[in-house]
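K.L.:
Okay, so here is model.cif, and as you'll see once you scroll down, it has mmCIF, C-alpha atoms.
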```cif
data_data
#
loop_
_atom_site.label_atom_id
_atom_site.label_comp_id
_atom_site.auth_asym_id
_atom_site.auth_seq_id
_atom_site.Cartn_x
_atom_site.Cartn_y
_atom_site.Cartn_z
CA MET A 330 -151.25 123.65 36.50
CA ALA A 331 -153.47 126.24 35.08
CA THR A 332 -154.79 128.65 37.55
CA ALA A 333 -158.16 130.12 37.56
CA THR A 334 -158.88 133.62 38.55
CA PRO A 335 -162.18 134.71 39.88
CA THR A 336 -164.21 136.20 37.16
CA ASP A 337 -166.16 138.25 39.53
CA SER A 338 -163.62 139.91 41.69
CA MET A 339 -166.30 141.50 43.81
CA SER A 340 -167.93 138.34 45.15
CA ARG A 341 -164.80 136.23 45.41
CA VAL A 342 -166.73 133.24 44.23
CA TRP A 343 -165.37 130.91 41.69
CA SER A 344 -167.66 130.28 38.80
CA MET A 345 -168.07 126.78 37.48
CA SER A 346 -166.98 127.53 34.00
CA SER A 347 -163.69 128.99 34.96
CA LEU A 348 -163.05 126.12 37.29
CA LYS A 349 -163.91 123.51 34.76
CA SER A 350 -161.61 125.09 32.30
CA SER A 351 -158.77 125.11 34.70
CA LEU A 352 -159.11 121.46 35.64
CA PRO A 353 -157.81 118.68 33.42
CA SER A 354 -160.54 117.78 31.01
CA ALA A 355 -160.57 114.08 31.78
CA VAL A 356 -161.78 114.62 35.27
CA THR A 357 -165.36 115.45 35.92
CA CYS A 358 -166.18 115.75 39.52
CA ARG A 359 -168.59 117.45 41.79
CA LEU A 360 -166.85 120.00 43.81
CA PRO A 361 -168.07 120.79 47.28
CA SER A 362 -169.92 123.97 47.99
CA PRO A 363 -168.30 126.94 46.44
CA SER A 364 -165.76 128.40 48.72
CA SER A 365 -162.67 130.41 48.38
CA ARG A 366 -160.46 127.39 48.62
CA ARG A 367 -158.01 126.69 45.93
CA PRO A 368 -159.49 124.07 43.56
CA VAL A 369 -157.44 120.93 43.78
CA LEU A 370 -158.16 117.57 42.22
CA VAL A 371 -160.38 115.97 44.80
CA SER A 372 -162.57 112.91 44.34
CA SER A 373 -166.03 112.65 45.79
CA PRO A 374 -165.68 112.27 49.50
CA SER A 375 -166.32 108.66 50.46
CA PRO A 376 -168.21 107.90 53.67
CA ARG A 377 -165.94 107.35 56.61
CA LEU A 378 -165.42 103.62 57.26
CA PRO A 379 -165.23 102.45 60.83
CA SER A 380 -161.72 101.28 61.54
CA PHE A 381 -161.26 97.55 61.70
CA SER A 382 -160.97 96.56 65.32
CA GLY A 383 -160.54 92.89 64.76
CA LEU A 384 -162.46 90.24 66.61
CA SER A 385 -161.86 91.64 70.06
CA PRO A 386 -164.90 92.28 72.22
CA VAL A 387 -166.19 95.79 71.72
CA ASN A 388 -164.87 98.13 74.33
CA PRO A 389 -167.47 100.62 75.46
CA LEU A 390 -164.82 103.23 76.16
CA ILE A 391 -163.58 103.32 72.59
CA SER A 392 -166.31 104.72 70.41
CA THR A 393 -165.98 103.09 67.06
CA GLY A 394 -169.49 103.98 66.04
CA LEU A 395 -170.57 100.36 65.71
CA PRO A 396 -174.27 99.90 66.25
CA GLY A 397 -175.94 97.30 68.43
CA TRP A 398 -175.04 98.57 71.88
CA GLN A 399 -178.21 97.98 73.80
CA SER A 400 -177.09 96.85 77.22
CA PHE A 401 -174.07 96.35 79.33
CA GLU A 402 -173.72 92.69 78.48
CA ASP A 403 -173.50 93.30 74.75
CA GLY A 404 -169.90 94.25 74.99
CA PHE A 405 -168.77 91.03 76.56
CA LYS A 406 -169.98 88.40 74.15
CA ILE A 407 -167.19 86.20 72.98
CA ILE A 408 -167.53 84.44 69.65
CA ASP A 409 -168.17 80.74 70.27
CA GLY A 410 -170.85 78.14 69.67
CA GLY A 411 -173.64 80.09 71.36
CA GLY A 412 -172.86 79.77 75.05
CA ARG A 413 -172.73 83.05 76.89
CA VAL A 414 -169.77 83.91 79.04
CA TYR A 415 -170.12 86.80 81.41
CA ALA A 416 -167.85 88.22 84.03
CA MET A 417 -170.30 87.66 86.90
CA ARG A 418 -172.14 84.71 88.46
CA HIS A 419 -175.11 86.58 89.99
CA GLY A 420 -177.97 84.26 90.90
CA ARG A 421 -176.53 81.08 89.45
CA ARG A 422 -177.08 78.35 91.98
CA VAL A 423 -176.97 75.10 90.12
CA PRO A 424 -174.48 74.09 87.42
CA LYS A 425 -176.56 72.76 84.57
CA LEU A 426 -173.77 71.03 82.62
CA ASN A 427 -175.66 71.47 79.32
CA ARG A 428 -178.03 68.63 80.15
CA PRO A 429 -181.65 68.15 81.15
CA PRO A 430 -182.19 67.40 84.84
CA ASP A 431 -182.47 63.65 84.62
CA GLN A 432 -179.33 63.28 82.57
CA ARG A 433 -177.54 65.72 84.82
CA LYS A 434 -178.38 63.67 87.87
CA ALA A 435 -177.28 60.50 86.15
CA LEU A 436 -174.01 62.09 85.06
CA LEU A 437 -173.20 63.24 88.56
CA ARG A 438 -174.12 59.88 90.04
CA GLY A 439 -171.83 58.16 87.59
CA LEU A 440 -168.98 60.55 88.23
CA THR A 441 -169.17 60.25 92.01
CA THR A 442 -169.35 56.47 91.73
CA GLN A 443 -166.21 56.44 89.61
CA LEU A 444 -164.37 58.84 91.88
CA LEU A 445 -165.16 56.78 94.95
CA LYS A 446 -164.12 53.65 93.10
CA HIS A 447 -160.86 54.86 91.59
CA GLY A 448 -159.80 57.64 93.90
CA ARG A 449 -158.73 59.97 91.14
CA ILE A 450 -160.40 60.71 87.82
CA LYS A 451 -159.81 63.08 84.98
CA THR A 452 -162.74 65.04 83.63
CA THR A 453 -163.69 68.53 82.52
CA ARG A 454 -163.36 71.40 84.97
CA ALA A 455 -167.04 72.20 85.02
CA ARG A 456 -167.95 68.62 85.87
CA ALA A 457 -165.24 68.35 88.47
CA SER A 458 -166.37 71.45 90.30
CA ALA A 459 -170.01 70.38 90.01
CA MET A 460 -169.44 66.97 91.53
CA ARG A 461 -167.63 68.16 94.66
CA LYS A 462 -170.88 68.73 96.48
CA PHE A 463 -172.13 65.21 95.85
CA VAL A 464 -168.89 63.49 96.74
CA ASP A 465 -168.81 65.36 100.02
CA LYS A 466 -172.39 64.37 100.60
CA MET A 467 -171.61 60.70 100.14
CA ILE A 468 -168.67 60.86 102.48
CA THR A 469 -170.78 62.62 105.07
CA LEU A 470 -173.38 59.87 104.82
CA ALA A 471 -170.65 57.32 105.37
CA LYS A 472 -169.35 59.21 108.36
CA ASP A 473 -172.73 58.94 110.00
CA GLY A 474 -172.81 55.21 109.35
CA SER A 475 -176.36 54.32 110.32
CA LEU A 476 -178.57 51.97 108.32
CA HIS A 477 -180.76 54.74 107.00
CA LYS A 478 -177.76 56.63 105.69
CA ARG A 479 -176.37 53.48 104.17
CA ARG A 480 -179.59 52.94 102.28
CA GLN A 481 -179.59 56.53 101.12
CA ALA A 482 -176.08 56.05 99.79
CA LEU A 483 -177.10 52.82 98.07
CA GLY A 484 -179.82 54.79 96.32
CA TYR A 485 -177.31 57.21 94.87
CA ILE A 486 -174.19 55.22 94.06
CA TYR A 487 -174.43 52.73 91.26
CA GLU A 488 -172.29 49.93 92.72
CA LYS A 489 -173.08 48.52 96.14
CA GLN A 490 -169.57 47.19 96.74
CA ILE A 491 -168.34 50.75 96.69
CA VAL A 492 -170.90 51.84 99.26
CA HIS A 493 -169.91 49.05 101.62
CA ALA A 494 -166.22 49.77 101.15
CA LEU A 495 -166.87 53.46 101.70
CA PHE A 496 -168.76 52.91 104.93
CA ALA A 497 -165.97 50.66 106.14
CA GLU A 498 -163.03 52.94 105.56
CA VAL A 499 -164.33 56.50 105.88
CA PRO A 500 -164.23 56.70 109.71
CA ASP A 501 -160.52 55.92 109.68
CA ARG A 502 -159.64 58.02 106.73
CA TYR A 503 -161.75 61.12 107.20
CA GLY A 504 -162.60 60.94 110.88
CA GLU A 505 -160.91 64.18 111.81
CA ARG A 506 -161.36 66.09 108.59
CA ASN A 507 -164.35 68.42 108.47
CA GLY A 508 -165.41 68.80 104.87
CA GLY A 509 -163.27 69.37 101.81
CA TYR A 510 -162.72 65.74 100.98
CA THR A 511 -161.73 66.39 97.40
CA ARG A 512 -159.01 68.25 95.59
CA ILE A 513 -159.12 69.56 92.04
CA ILE A 514 -155.96 69.97 89.99
CA ARG A 515 -156.31 71.73 86.67
CA THR A 516 -154.44 70.26 83.74
CA LEU A 517 -153.92 70.56 80.01
CA PRO A 518 -156.95 70.88 77.73
CA ARG A 519 -158.34 67.91 75.85
CA ARG A 520 -157.03 67.50 72.36
CA GLY A 521 -160.32 66.85 70.52
CA ASP A 522 -162.27 69.91 71.58
CA ASN A 523 -159.88 71.94 73.72
CA ALA A 524 -162.08 71.46 76.76
CA PRO A 525 -160.35 72.52 79.98
CA MET A 526 -159.64 69.39 81.99
CA ALA A 527 -158.96 68.70 85.64
CA TYR A 528 -158.07 65.85 87.93
CA ILE A 529 -160.33 65.44 90.90
CA GLU A 530 -159.12 63.23 93.69
CA LEU A 531 -160.07 62.24 97.19
CA VAL A 532 -157.91 64.00 99.66
CA MET B 1314 -135.62 77.58 95.08
CA SER B 1315 -137.81 76.23 97.83
CA VAL B 1316 -141.21 74.85 96.98
CA ASN B 1317 -144.09 77.21 97.64
CA ASN B 1318 -147.76 76.33 98.01
CA ARG B 1319 -148.47 76.61 94.32
CA ASP B 1320 -145.73 74.25 93.31
CA PRO B 1321 -147.02 71.27 91.32
CA LEU B 1322 -145.49 68.85 93.79
CA VAL B 1323 -147.52 70.36 96.60
CA VAL B 1324 -150.69 70.69 94.56
CA GLY B 1325 -150.43 67.11 93.36
CA GLY B 1326 -149.99 65.87 96.90
CA VAL B 1327 -146.52 64.39 96.33
CA ILE B 1328 -145.15 66.53 99.13
CA GLY B 1329 -147.10 65.12 101.99
CA ASP B 1330 -147.65 61.62 100.72
CA VAL B 1331 -144.13 60.75 99.66
CA LEU B 1332 -141.72 63.55 100.50
CA GLU B 1333 -141.16 66.42 102.86
CA ARG B 1334 -140.74 69.98 101.70
CA PHE B 1335 -137.34 70.52 100.24
CA THR B 1336 -135.31 72.96 98.19
CA ARG B 1337 -134.52 72.16 94.62
CA SER B 1338 -130.83 72.40 93.96
CA ILE B 1339 -130.08 70.08 91.04
CA ASP B 1340 -131.66 69.90 87.60
CA LEU B 1341 -133.43 66.70 86.77
CA ARG B 1342 -134.52 65.86 83.23
CA VAL B 1343 -136.46 62.69 82.56
CA THR B 1344 -137.28 61.72 79.00
CA TYR B 1345 -139.41 58.81 77.83
CA GLY B 1346 -138.67 58.43 74.14
CA GLN B 1347 -139.32 61.89 72.78
CA ARG B 1348 -141.43 63.22 75.62
CA GLU B 1349 -139.87 65.11 78.43
CA VAL B 1350 -141.61 64.52 81.71
CA THR B 1351 -143.06 67.59 83.37
CA ASN B 1352 -145.03 67.61 86.61
CA GLY B 1353 -148.47 66.16 86.21
CA LEU B 1354 -148.00 64.89 82.67
CA ASP B 1355 -150.31 62.12 81.53
CA ILE B 1356 -148.51 59.08 80.10
CA ARG B 1357 -149.85 55.66 79.13
CA PRO B 1358 -148.20 52.42 80.21
CA SER B 1359 -147.43 51.56 76.60
CA GLN B 1360 -145.10 54.55 76.45
CA ILE B 1361 -143.18 53.71 79.59
CA ILE B 1362 -142.28 50.09 79.01
CA ASN B 1363 -138.59 50.92 78.79
CA LYS B 1364 -136.63 52.91 81.28
CA PRO B 1365 -136.37 56.65 80.66
CA ARG B 1366 -133.31 58.67 79.93
CA VAL B 1367 -132.43 60.65 83.04
CA GLU B 1368 -129.95 63.50 83.07
CA ILE B 1369 -129.00 65.35 86.18
CA GLY B 1370 -127.25 68.64 86.71
CA GLY B 1371 -124.82 69.69 89.35
CA GLU B 1372 -121.20 70.65 88.84
CA ASP B 1373 -118.87 68.37 90.68
CA LEU B 1374 -118.31 64.89 89.30
CA ARG B 1375 -117.28 63.70 92.71
CA ASN B 1376 -120.82 64.07 94.10
CA PHE B 1377 -122.97 61.01 93.76
CA TYR B 1378 -126.73 60.86 93.59
CA THR B 1379 -129.44 58.27 94.04
CA LEU B 1380 -132.59 58.15 91.94
CA VAL B 1381 -135.72 56.49 93.28
CA MET B 1382 -138.91 55.85 91.30
CA VAL B 1383 -141.99 55.01 93.35
CA ASP B 1384 -145.72 54.72 92.89
CA PRO B 1385 -147.58 55.96 95.97
CA ASP B 1386 -151.05 54.93 94.73
CA VAL B 1387 -150.77 51.17 94.79
CA PRO B 1388 -153.05 49.27 94.22
CA SER B 1389 -155.59 52.06 93.74
CA PRO B 1390 -155.58 55.75 94.67
CA SER B 1391 -158.78 55.27 96.65
CA ASN B 1392 -157.22 52.53 98.76
CA PRO B 1393 -153.42 52.70 98.72
CA HIS B 1394 -152.66 50.09 101.35
CA LEU B 1395 -149.51 48.92 99.57
CA ARG B 1396 -148.29 52.48 99.58
CA GLU B 1397 -145.22 53.11 97.53
CA TYR B 1398 -144.22 50.43 95.17
CA LEU B 1399 -140.59 50.74 94.21
CA HIS B 1400 -140.11 50.66 90.45
CA TRP B 1401 -136.48 51.67 90.03
CA LEU B 1402 -133.47 52.46 92.16
CA VAL B 1403 -130.18 53.71 90.74
CA THR B 1404 -127.29 54.75 92.95
CA ASP B 1405 -123.84 56.26 92.50
CA ILE B 1406 -124.83 58.57 89.69
CA PRO B 1407 -122.11 61.18 89.23
CA ALA B 1408 -123.25 64.77 88.85
CA THR B 1409 -123.86 66.11 85.32
CA THR B 1410 -124.31 62.58 83.98
CA GLY B 1411 -127.25 60.21 83.75
CA THR B 1412 -128.49 56.91 85.04
CA ASN B 1413 -126.37 55.03 82.50
CA PHE B 1414 -123.38 55.88 84.62
CA GLY B 1415 -124.95 54.75 87.86
CA ASN B 1416 -125.41 51.47 89.59
CA GLU B 1417 -128.89 50.08 89.00
CA ILE B 1418 -129.53 48.04 92.10
CA VAL B 1419 -133.28 47.62 91.61
CA SER B 1420 -134.02 47.11 87.95
CA TYR B 1421 -136.67 49.15 86.14
CA GLU B 1422 -140.09 47.61 86.25
CA SER B 1423 -142.58 49.26 83.96
CA PRO B 1424 -145.69 50.44 85.80
CA ARG B 1425 -148.94 48.66 85.00
CA PRO B 1426 -151.68 50.35 87.01
CA THR B 1427 -154.82 48.27 87.24
CA SER B 1428 -157.21 50.73 88.80
CA GLY B 1429 -157.42 54.51 88.78
CA ILE B 1430 -154.85 57.12 87.90
CA HIS B 1431 -151.52 56.56 89.64
CA ARG B 1432 -148.85 59.12 90.32
CA LEU B 1433 -145.29 58.04 89.61
CA VAL B 1434 -142.65 60.03 91.42
CA LEU B 1435 -138.96 60.25 90.57
CA VAL B 1436 -136.84 61.57 93.43
CA LEU B 1437 -133.17 62.44 93.44
CA PHE B 1438 -131.12 62.27 96.62
CA ARG B 1439 -127.55 63.20 97.24
CA GLN B 1440 -125.32 60.51 98.67
CA LEU B 1441 -122.61 61.13 101.23
CA GLY B 1442 -120.17 58.84 99.52
CA ARG B 1443 -119.90 56.01 97.08
CA GLN B 1444 -121.53 52.64 97.64
CA THR B 1445 -123.38 53.66 100.73
CA VAL B 1446 -126.87 52.66 99.56
CA TYR B 1447 -128.14 49.11 99.42
CA GLU B 1448 -131.24 47.60 97.96
CA PRO B 1449 -134.32 47.03 100.07
CA GLY B 1450 -135.70 43.53 100.48
CA TRP B 1451 -138.89 43.98 98.49
CA ARG B 1452 -140.70 46.42 96.24
CA PRO B 1453 -144.11 47.11 97.78
CA GLN B 1454 -144.55 48.85 101.13
CA PHE B 1455 -141.53 50.98 100.38
CA ASN B 1456 -141.20 54.15 102.41
CA THR B 1457 -139.11 56.87 100.84
CA ARG B 1458 -138.73 58.85 104.05
CA GLU B 1459 -137.44 55.87 106.01
CA PHE B 1460 -135.17 54.89 103.17
CA ALA B 1461 -133.62 58.36 103.11
CA ALA B 1462 -133.23 58.37 106.87
CA LEU B 1463 -131.66 54.90 106.85
CA TYR B 1464 -128.94 55.76 104.38
CA ASN B 1465 -128.37 59.34 105.52
CA LEU B 1466 -129.63 60.80 102.31
CA SER B 1467 -131.35 63.77 104.04
CA LEU B 1468 -133.78 65.81 102.02
CA PRO B 1469 -134.25 65.33 98.27
CA VAL B 1470 -132.53 67.64 95.83
CA ALA B 1471 -134.97 67.21 92.96
CA ALA B 1472 -138.27 65.53 92.21
CA VAL B 1473 -140.75 65.19 89.39
CA TYR B 1474 -143.97 63.25 89.06
CA PHE B 1475 -146.32 62.17 86.30
CA ASN B 1476 -149.67 60.41 86.03
CA CYS B 1477 -150.37 57.04 84.52
CA GLN B 1478 -153.58 55.07 83.99
CA ARG B 1479 -154.25 51.81 82.28
CA ASP B 1480 -154.49 51.72 78.52
CA ASN B 1481 -157.90 50.21 77.97
CA GLY B 1482 -160.20 52.34 80.11
CA CYS B 1483 -161.45 51.54 83.56
CA GLY B 1484 -162.17 47.84 83.18
CA GLY B 1485 -165.96 47.93 83.25
CA ARG B 1486 -168.51 47.96 85.97
CA ARG B 1487 -168.92 45.14 88.40
CA THR B 1488 -172.04 45.18 90.49
#
```
Would you mind writing the file out in structure tokens?

P.N.:
Amino acid sequence: MATATPTDSMSRVWSMSSLKSSLPSAVTCRLPSPSSRRPVLVSSPSPRLPSFSGLSPVNPLISTGLPGWQSFEDGFKIIDGGGRVYAMRHGRRVPKLNRPPDQRKALLRGLTTQLLKHGRIKTTRARASAMRKFVDKMITLAKDGSLHKRRQALGYIYEKQIVHALFAEVPDRYGERNGGYTRIIRTLPRRGDNAPMAYIELV
Amino acid sequence: MSVNNRDPLVVGGVIGDVLERFTRSIDLRVTYGQREVTNGLDIRPSQIINKPRVEIGGEDLRNFYTLVMVDPDVPSPSNPHLREYLHWLVTDIPATTGTNFGNEIVSYESPRPTSGIHRLVLVLFRQLGRQTVYEPGWRPQFNTREFAALYNLSLPVAAVYFNCQRDNGCGGRRT
């Protein structure tokens, strides 16, 4: 490799002509600011790429320089169909089940009717944990047993045979139990859409 | 190992409805066709028409075991007044073998649940000697605890359960 000597020994600065002569002729490149470094074949410095961190949620502690960090929740978005999943449940009182209110009420009425009819049903985990409240409510109405409560139950449950059977057997079956008339057992996800499933049964 | 509170048999209510708490000491492998039965598995009646292949563990061929298959949710889980229908009873199974080597005193009847999701429990007991267990008079209203007490079978040595519901949906709504 040909070496280049500083032409001006006083200033210790390489001059372009001597450098260009020392480098192989095929390469034309812009050297960085003149310094007393030894001229080596260096390409133009490319901008630093952020390292590929995969599809994991962005960790605020590891600074990868990715933009878009506006708030605390930005780091916890998980790639899915648009539903947001956070680590906390602050202020969430009612499970909405992805439905407008009338459909939601109808869904829960249907589910509690089926649970009281069959004793054990298999459904998604969100629906199972949402319906607990209403099943307990129906059993509490049956425990009371008066005509008014019976009519309230008839207004909620779709099949009247089930209401009459419920009012007949609940005092024996749940007379001593205070609340917690259901049990949820989680099970394998559904094949079609990988929805987490659960059995809910009357205790 | 003894069953703790997170054991599937406790969570599924089998211990409590059918059995007492016990300590597992023998391996029990039940296979319907290609599927091995694990606790809480969901199987359709069309897959359990024929009896399963059961293999038990243990070491000593001189120990004999009894296998009982019951359904505690008859006729419906919401109203199980015929509690425990006996589907299958095989006695005198030597250790390390399977039900083919035992004495099938109540033949296998394939479960056909009409309403709801039924649990089907397979329990293995250890016999004190050969030919000490006799068949009960009838299949419904079977009580596993009394059966074990009657024939001195003590606590179970293994158990597994699975779920079964009817093939064609719930049968429609009847007002």

K.L.:
Please expand the PyMOL selection byres ((chain B and resi 1406) around 6) into the concrete residues it hits in this file, giving the result as a PDB file with C-alpha atoms, in the coordinates of the input.

P.N.:
```pdb
ATOM      1  CA  PHE B1377    -122.970  61.010  93.760  1.00  0.00           C
ATOM      2  CA  TYR B1378    -126.730  60.860  93.590  1.00  0.00           C
ATOM      3  CA  THR B1404    -127.290  54.750  92.950  1.00  0.00           C
ATOM      4  CA  ASP B1405    -123.840  56.260  92.500  1.00  0.00           C
ATOM      5  CA  PRO B1407    -122.110  61.180  89.230  1.00  0.00           C
ATOM      6  CA  PHE B1414    -123.380  55.880  84.620  1.00  0.00           C
ATOM      7  CA  GLY B1415    -124.950  54.750  87.860  1.00  0.00           C
TER       8      GLY B1415
END
```

K.L.:
Take CA of Val492 (chain A) and CA of Ile529 (chain A) and report the distance between them in Å, one decimal.

P.N.:
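CA of Ile529 (chain A) lies at a distance of 19.1 Å from CA of Val492 (chain A).
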
K.L.:
How many Å lie between CA of Arg1439 (chain B) and CA of Val1470 (chain B), rounded to one decimal?

P.N.:
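Computing it gives 6.8 Å between the two atoms.
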
K.L.:
If I take CA of Ala471 (chain A) and CA of His493 (chain A), how far is one from the other in Å, to one decimal?

P.N.:
9.1 Å

K.L.:
Can you give me, as number ranges by chain, the residues this file yields under the PyMOL selection byres ((chain B) within 10 of (chain A))?

P.N.:
B: 1321, 1324-1326, 1353-1355, 1386, 1388-1393, 1427-1432, 1478, 1483, 1486-1488

K.L.:
I'd like to know which of A:Thr453, A:Ala497, A:Asp431, A:Met526 is closest to Ser475 (chain A), using all atoms listed in the file.

P.N.:
A:Ala497

K.L.:
Report as a ChimeraX atom specification the full result of the PyMOL selection byres ((chain A and resi 510) around 8) when it is applied to this structure.

P.N.:
/A:464-465,468,503,506,508-509,511-512,531-532

K.L.:
Need to verify the contact set: Leu1374 (chain B), 9 Å, only C-alpha atoms, exclusion of same-chain residues closer than 5 positions in sequence. Can you return it as a PDB file with C-alpha atoms, in the frame of the given file?

P.N.:
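Just written: selection_7.pdb:
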```
ATOM      1  CA  PRO B1407    -122.110  61.180  89.230  1.00  0.00           C
ATOM      2  CA  ALA B1408    -123.250  64.770  88.850  1.00  0.00           C
ATOM      3  CA  THR B1409    -123.860  66.110  85.320  1.00  0.00           C
ATOM      4  CA  THR B1410    -124.310  62.580  83.980  1.00  0.00           C
TER       5      THR B1410
END
```

K.L.:
List as a VMD selection string the protein and nucleic acid residues near Leu1433 (chain B), meaning an atom at most 12 Å away when all atoms listed in the file are counted, but skip any in the same chain fewer than 2 places from it.

P.N.:
chain B and resid 1322 1325 to 1327 1330 to 1331 1350 to 1358 1361 1381 to 1387 1390 1396 to 1401 1423 to 1426 1430 to 1431 1435 to 1436 1472 to 1478

K.L.:
Would you pick out the contacts of Glu1368 (chain B) at 9 Å or less, using only C-alpha atoms, so that residues sharing its chain but fewer than 4 positions from it are not included, and give the list as a ChimeraX atom specification?

P.N.:
/B:1340-1344,1408-1412

K.L.:
Which residues, written as number ranges by chain, have at least one atom at most 8 Å from region 420-429 of chain A, with all atoms listed in the file counted and residues fewer than 6 positions away on the same chain left out?

P.N.:
A: 455-456, 459

K.L.:
At the level of C-alpha atoms, write region 1384-1447 of chain B to a file as a compact mmCIF listing (two decimals), in the first residue's frame, please.

P.N.:
```
# COMPACT_ATOMS: atom_id res chain seq x y z
CA ASP B 1384 -71.29 -40.82 34.82
CA PRO B 1385 -72.20 -38.61 37.80
CA ASP B 1386 -74.33 -36.16 35.78
CA VAL B 1387 -77.26 -38.34 34.82
CA PRO B 1388 -79.73 -37.35 33.39
CA SER B 1389 -78.56 -33.73 33.32
CA PRO B 1390 -75.87 -31.85 35.24
CA SER B 1391 -78.47 -29.37 36.48
CA ASN B 1392 -80.60 -32.15 37.94
CA PRO B 1393 -78.60 -35.32 38.56
CA HIS B 1394 -81.18 -37.34 40.43
CA LEU B 1395 -80.01 -40.63 38.91
CA ARG B 1396 -76.54 -39.83 40.12
CA GLU B 1397 -73.86 -42.12 38.84
CA TYR B 1398 -74.77 -44.33 36.01
CA LEU B 1399 -72.44 -47.28 35.76
CA HIS B 1400 -71.05 -47.69 32.25
CA TRP B 1401 -68.32 -50.27 32.71
CA LEU B 1402 -66.89 -52.47 35.42
CA VAL B 1403 -63.81 -54.63 34.95
CA THR B 1404 -62.26 -56.60 37.79
CA ASP B 1405 -59.20 -58.78 38.34
CA ILE B 1406 -56.91 -56.71 36.17
CA PRO B 1407 -53.31 -57.69 36.90
CA ALA B 1408 -50.85 -54.86 37.37
CA THR B 1409 -48.91 -53.62 34.32
CA THR B 1410 -51.56 -55.03 31.98
CA GLY B 1411 -54.85 -53.73 30.63
CA THR B 1412 -58.55 -54.38 30.73
CA ASN B 1413 -58.21 -57.13 28.12
CA PHE B 1414 -56.74 -59.29 30.84
CA GLY B 1415 -59.47 -58.55 33.35
CA ASN B 1416 -62.91 -59.87 33.98
CA GLU B 1417 -65.55 -57.60 32.48
CA ILE B 1418 -68.52 -58.13 34.75
CA VAL B 1419 -70.54 -55.13 33.57
CA SER B 1420 -70.13 -54.71 29.84
CA TYR B 1421 -69.20 -51.38 28.29
CA GLU B 1422 -72.16 -49.23 27.42
CA SER B 1423 -71.30 -46.23 25.32
CA PRO B 1424 -72.46 -42.98 26.91
CA ARG B 1425 -75.23 -41.10 25.14
CA PRO B 1426 -75.86 -37.89 27.08
CA THR B 1427 -79.16 -36.28 26.22
CA SER B 1428 -78.85 -32.98 28.01
CA GLY B 1429 -75.88 -30.85 29.03
CA ILE B 1430 -72.22 -31.71 29.34
CA HIS B 1431 -71.60 -34.86 31.35
CA ARG B 1432 -68.44 -35.84 33.13
CA LEU B 1433 -67.34 -39.44 32.72
CA VAL B 1434 -65.02 -40.70 35.41
CA LEU B 1435 -62.76 -43.74 35.25
CA VAL B 1436 -61.58 -44.91 38.67
CA LEU B 1437 -59.08 -47.61 39.50
CA PHE B 1438 -59.24 -49.48 42.78
CA ARG B 1439 -56.93 -52.08 44.19
CA GLN B 1440 -58.48 -55.39 45.14
CA LEU B 1441 -57.47 -57.41 48.16
CA GLY B 1442 -57.58 -60.66 46.28
CA ARG B 1443 -58.95 -62.33 43.22
CA GLN B 1444 -62.67 -62.67 42.54
CA THR B 1445 -63.73 -60.60 45.47
CA VAL B 1446 -65.88 -58.11 43.52
CA TYR B 1447 -69.33 -58.84 42.19
```
